[in-house]
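Trainee: Take a look at this one; I'll ask things after.
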Amino acid sequence: MATPPIPATESQHRKDTIEQALRDGFNPYRVQRGGHGSAVREAERRLRESGHLPSNSQLDHWVRRQEKECAAGRPHFLPDWSLFQAPGIPPAAASGTVRRFLLTAAQDDTVVHERFWGNLNAYAAVIGAEIMVGGFTYQKGLYEDHRTLTASYVPAVQPFLRHAPVDLGEVLFVADVNILPTAVDPLSGLDTHSRGRPAVFPHAKIRLKSVPTLVGDYTPVIMTTGACTVENYIQKKAGIKARFHHVIGATVVEIDAAGRWFMRTISAAADGSFQDLDAIVVDGRVSRGNRVKAITWGDIHVGTVPDPIAALSWGIDPDTGLSAARADAVIDALRPEYQFFHDLLDFPQSSRHTDGDPHHWFEMVTTGRASMQDHVADGARFLRAAGREFCRSVVVESNHDERLARWMREPGGRSDPINLRYWHECNLAQAHATEHGDADFNLVRWALAREDPAALAGIDFVPVGGSFVLCQDRGGIECGPHGHLGPNGSRGAPQAHKRTASRMNIGHLHAPEIVDGVYVAGVNGSLDQGYNKGASSWAHADIVTYGNAKRTILIKSRDGAWRA
């Protein structure tokens with residue numbers, strides 16, 4: 001027996017309930033970000049509570065039926081999805097202004113770092129930012145109230161405390177999460193807490209990670225804030241470990257006039273001073289136009305870098321391949337002393353993901369990308385285009401670069417008419433170095449120098465296993481490893497590298513992350529490399545290292561923008 005049709009009055013009630021959920025900040029159908037969750041799921045809940053929907057029924061089938069009726073031009077009750085209103089503050093685009101926030105954390109019954117707190121307020125006044133503080137409690141008794149709302153905080157932070165989640169346009173400040181300050185990984189289990197939105201959690205430790213989404217969508221980032229209160233821990237192992245990782249700092253959140261979001265960390269020095277991009281704040285005074293020590297770019301994969309990323313990172317013109325200084329390009333705005341290139345080359349002609357695939361090789365030939373030598377030449381030209389006189393370029397040999405040496409050792413090059421000559425030249429150069437006892441010979445460096453008119457003059461090269469340490473007078477930051485090789489022969493991963501004795505800046509993973517002293521850059525090449533199918537946490541992101549040995553990660557939008 002056919003299911004009886006739903007009365008028009010009931011369909012209208014369903015439509016009205018879904019549209020009210022849209023106005024209340026719940027997402028349109030099939031949209032997974034920007035709101036509190038699905039408007040259809042929320043409408044289901046409301047309809048069941050009011051007795052208008054059986055407990056075993058779902059609205060998806062009804063919505064799809066309305067879509068079909070609408071597409072066929074017949075009467076329908078399809079909700080108006082455009083009624084969705086993002087929760088929280090109005091987006092900056094509505095007012096045509098940029099909104100800025102400085103988010104930090106405070107421990108109950110603990111004094112603030114006075115000089116940092118003064119500097120944070122001074123910086124907020126200069127950039128027009130609103131300060132918000134999320135509280136956390138520590139070691140309260142079993143039968144006491146653990147809520148931050150009833151905890152005791154110093155008077156300085158009380159006007160800025162938030163005890164519930166705060167919507168900052170696209171970004172969510174999860175001020176009520178109250179994570180134990182001794183947590184080894186404060187973001188553990190919170191990947192999906194914000195339902196696909198970028199989110200900031202108050203905590204004394206700096207942690208950052210990107211959350212996987214389907215390729216083609218944007219990649220949300222979740223992170224912690226650092227604290228404005230000083231270390232206050234019990235003298236036991238957990239407390240001593242937490243004190244070591246305690247960061248006096250904050251998170252900058254910017255929502256620009258186009259509604260794009262930007263987030264980055266601020267880490268203060270012992271005296272409470274800090275740098276945020278080109279701004280340095282000392283003793284309540286803000287100076288602009290300051291340089292940074294270095295930028296570790298997300299993996300390059302030359303030939304796949306999107307035009308907007310090339311333009312707003314290095315000022316490279318997509319038509320000519322040449323660059324010119326521009327104020328909105330990262331390198332010209334921050335003027336780093338050093339810039340590090342990871343996975344400069346890509347070698348799609350001889351990738352382990354496509355070896356032996358005749359259809360891929362046919363694509364390389366028909367699109368004019370089959371030449372290994374031409375690809376190396378592209379890398380050399382990119383290095384020169386991305387260079388600046390005020391900045392020392394450093395190429396970090398990486399796993400994709402190493403593919404050239406692996407290809408040279410494989411016999412298949414002898415039967416490749418396009419690359420036959422180059423294959424023999426590479427083997428001859430290696431044989432010549434071996435014959436003359438040149439233990440320092442590196443095929444990738446030789447190949448790049450051969451294609452560069454200046455033979456890599458002014459460009460440093462760090463081979464696999466090499467070292468390049470910055471800020472040695474402040475404990476040192478190791479920038480030599482790419483990150484694909486872990487300690488003791490293990491595979492590279494942030495959790496493995498964090499056990500090393502020094503702080504590190506690495507690439508390789510394409511997903512930005514901060515884990516203890518390890519900062520991981522993202523990727524500047526395409527977010528779809530062909531072999532990363534399904535959900536991905538890759539993002540366009542770079543590591544910025546300051547002269548005081550503090551660091552941050554720049555998260556860039558798909559169109560290359562990196563700050564508001």
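Just so we're on the same page: first chain in the structure tokens is A, next is B, and so on; residues restart at 1 for each chain, and ligands are numbered from 1 in the order they show up.
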Considering only helix (DSSP H, G or I) as DSSP defines it on the backbone, what residues of range 303-375 of chain A qualify? List them as a list in words.

Mentor: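 Listing helix (DSSP H, G or I) positions across range 303-375 of chain A yields Asp307, Pro308, Ile309, Ala310, Ala311, Leu312, Ser313, Trp314, Val330, Ile331, Asp332, Ala333, Leu334, Pro348, Gln349, Ser350, Pro358, His359, His360, Trp361, Phe362, Glu363, Met364, Val365, Thr366, Met372, Gln373, Asp374 and His375 of chain A.
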
Trainee: Which residues, written as a list in words, have at least one atom at most 12 Å from Trp562 in chain A, with only C-alpha atoms counted and residues fewer than 5 positions away on the same chain left out?

Mentor: Val253, Glu254, Ile255, Asp256, Arg260, Trp261, Phe262, Met263, Arg264, Leu277, Pro308, Ile309, Ala311, Leu312, Ser313, Asp328, Ala329, Val330, Ile331, Ala333, Leu334, His540, Ala541, Asp542, Ile553, Leu554, Ile555, Lys556 and Ser557 of chain A

Trainee: Please identify all polymer residues within 10 Å of Trp446 in chain A, counting only C-alpha atoms, omitting same-chain residues fewer than 5 positions from it, and present them as JSON, numbers by chain.

Mentor: {"A": [426, 429, 430, 441, 451, 455, 456]}

Trainee: DSSP on the backbone: what in range 406-472 of chain A comes out strand (DSSP E or B), as a list in words?

Mentor: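 Residues meeting the strand (DSSP E or B) criterion: Ile459, Asp460, Phe461, Val462, Val469 and Leu470 of chain A.
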
Trainee: Report the closest atom pair, with its distance in Å rounded to one decimal, for each residue of range 322-373 of chain A that has an atom no farther than 12 Å from range 494-515 of chain A; count only C-alpha atoms, sort by chain and then rising residue number, and write it as a Markdown table.

Mentor:
```
| residue | atom | partner | partner_atom | distance |
| --- | --- | --- | --- | --- |
| A:Gln339 | CA | A:Asn505 | CA | 11.8 |
| A:Phe340 | CA | A:Ile506 | CA | 9.7 |
| A:Phe341 | CA | A:Gly507 | CA | 9.1 |
| A:His342 | CA | A:Gly507 | CA | 6.3 |
| A:Asp343 | CA | A:His508 | CA | 7.5 |
| A:Leu344 | CA | A:His508 | CA | 11.1 |
```

Trainee: What is the CA of Glu114 in chain A to CA of Asp473 in chain A distance in Å?

Mentor: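 Distance reported for this atom pair: 25.9 Å.
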
Trainee: Quick one: residues within 12 Å of Ile280 in chain A, only C-alpha atoms, excluding same-chain residues fewer than 4 positions away - as a list in words?

Mentor: Asn119, Leu120, Ala122, Tyr123, Val126, Ile266, Ser267, Ala268, Ala269, Gly272, Ser273, Phe274, Gln275, Asp276, Gly284, Arg285, Val286, Ser287, Arg288, Gly289, Asn290, Arg291, Val292, Tyr546, Gly547 and Asn548 of chain A

Trainee: Arg207 in chain A: which residues within 10 Å, counting only C-alpha atoms, same-chain residues fewer than 6 positions away excluded, as a VMD selection string?

Mentor: chain A and resid 185 to 187 200 to 201 222 to 226 265 513 to 519

Trainee: Write out, as a compact mmCIF listing (two decimals), in the first residue's frame, the residues just selected, with C-alpha atoms.

Mentor:
```txt
# COMPACT_ATOMS: atom_id res chain seq x y z
CA ASP A 185 47.80 17.05 23.90
CA PRO A 186 45.18 19.71 24.70
CA LEU A 187 43.42 19.19 21.34
CA VAL A 200 40.49 28.36 19.15
CA PHE A 201 40.64 26.66 22.57
CA ILE A 222 42.05 24.25 15.41
CA MET A 223 44.56 25.67 17.86
CA THR A 224 45.20 26.74 21.43
CA THR A 225 45.96 30.19 22.74
CA GLY A 226 48.79 30.26 25.22
CA THR A 265 49.90 32.54 17.46
CA GLU A 513 50.90 21.57 12.80
CA ILE A 514 52.51 22.65 16.06
CA VAL A 515 53.51 19.87 18.44
CA ASP A 516 55.64 20.97 21.38
CA GLY A 517 58.84 22.37 19.81
CA VAL A 518 58.12 21.09 16.28
CA TYR A 519 56.50 23.43 13.76
```

Trainee: Counting only C-alpha atoms, which residue out of A:Val365, A:Ala72, A:Leu428, A:Ala521 sits closest to Lys209 in chain A?

Mentor: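 So, comparing all the options, the nearest one is A:Ala521.
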
Trainee: With only C-alpha atoms as the counted atoms, please give the residues lying no more than 12 Å from range 189-196 of chain A, apart from itself and same-chain residues fewer than 6 positions off, as a ChimeraX atom specification.

Mentor: /A:26-27,31-38,165-167,170-174,177,179,183,207-214,217-224,537

Trainee: Write a file of the selected residues as a PDB file, in the first residue's frame, keeping C-alpha atoms.

Mentor:
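Result file is selection-v3.pdb:
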```pdb
ATOM      1  CA  PHE A  26      22.187  26.141  11.522  1.00  0.00           C
ATOM      2  CA  ASN A  27      23.691  25.139   8.183  1.00  0.00           C
ATOM      3  CA  VAL A  31      26.649  22.432   3.910  1.00  0.00           C
ATOM      4  CA  GLN A  32      29.006  21.272   6.664  1.00  0.00           C
ATOM      5  CA  ARG A  33      30.542  24.485   7.953  1.00  0.00           C
ATOM      6  CA  GLY A  34      29.753  27.991   9.108  1.00  0.00           C
ATOM      7  CA  GLY A  35      26.965  27.233  11.587  1.00  0.00           C
ATOM      8  CA  HIS A  36      25.937  25.255  14.643  1.00  0.00           C
ATOM      9  CA  GLY A  37      25.223  22.111  12.632  1.00  0.00           C
ATOM     10  CA  SER A  38      22.634  20.861  10.151  1.00  0.00           C
ATOM     11  CA  PRO A 165      31.568  29.610  23.206  1.00  0.00           C
ATOM     12  CA  VAL A 166      31.888  32.875  21.272  1.00  0.00           C
ATOM     13  CA  ASP A 167      31.209  33.074  17.543  1.00  0.00           C
ATOM     14  CA  GLU A 170      33.650  32.054  10.769  1.00  0.00           C
ATOM     15  CA  VAL A 171      35.885  31.280  13.781  1.00  0.00           C
ATOM     16  CA  LEU A 172      34.668  29.763  17.056  1.00  0.00           C
ATOM     17  CA  PHE A 173      36.316  30.619  20.385  1.00  0.00           C
ATOM     18  CA  VAL A 174      35.516  27.631  22.595  1.00  0.00           C
ATOM     19  CA  VAL A 177      36.177  23.920  27.311  1.00  0.00           C
ATOM     20  CA  ILE A 179      41.180  21.809  29.454  1.00  0.00           C
ATOM     21  CA  ALA A 183      47.195  17.796  29.252  1.00  0.00           C
ATOM     22  CA  ARG A 207      49.115  23.390  19.833  1.00  0.00           C
ATOM     23  CA  LEU A 208      47.837  23.625  16.256  1.00  0.00           C
ATOM     24  CA  LYS A 209      46.507  21.119  13.767  1.00  0.00           C
ATOM     25  CA  SER A 210      44.415  21.102  10.605  1.00  0.00           C
ATOM     26  CA  VAL A 211      41.278  18.978  10.357  1.00  0.00           C
ATOM     27  CA  PRO A 212      40.690  16.729   7.318  1.00  0.00           C
ATOM     28  CA  THR A 213      37.960  17.742   4.890  1.00  0.00           C
ATOM     29  CA  LEU A 214      37.133  16.615   1.386  1.00  0.00           C
ATOM     30  CA  ASP A 217      36.589  22.410   0.460  1.00  0.00           C
ATOM     31  CA  TYR A 218      38.591  24.670   2.722  1.00  0.00           C
ATOM     32  CA  THR A 219      40.631  23.181   5.564  1.00  0.00           C
ATOM     33  CA  PRO A 220      39.639  24.227   9.093  1.00  0.00           C
ATOM     34  CA  VAL A 221      42.384  24.729  11.663  1.00  0.00           C
ATOM     35  CA  ILE A 222      42.046  24.248  15.406  1.00  0.00           C
ATOM     36  CA  MET A 223      44.561  25.674  17.855  1.00  0.00           C
ATOM     37  CA  THR A 224      45.198  26.735  21.429  1.00  0.00           C
ATOM     38  CA  SER A 537      44.163  18.103   6.096  1.00  0.00           C
TER      39      SER A 537
END
```

Trainee: Residues near range 47-59 of chain A, anyone? I mean within 9 Å using only C-alpha atoms, not counting same-chain ones fewer than 3 positions away, as a PyMOL selection string.

Mentor: chain A and resi 10+13-14+17+40-44+62-64

Trainee: Restricting the calculation to only C-alpha atoms: of A:His424, A:His301, A:Arg558, A:Arg392, which residue gets closest to Val523 in chain A?

Mentor: A:His301
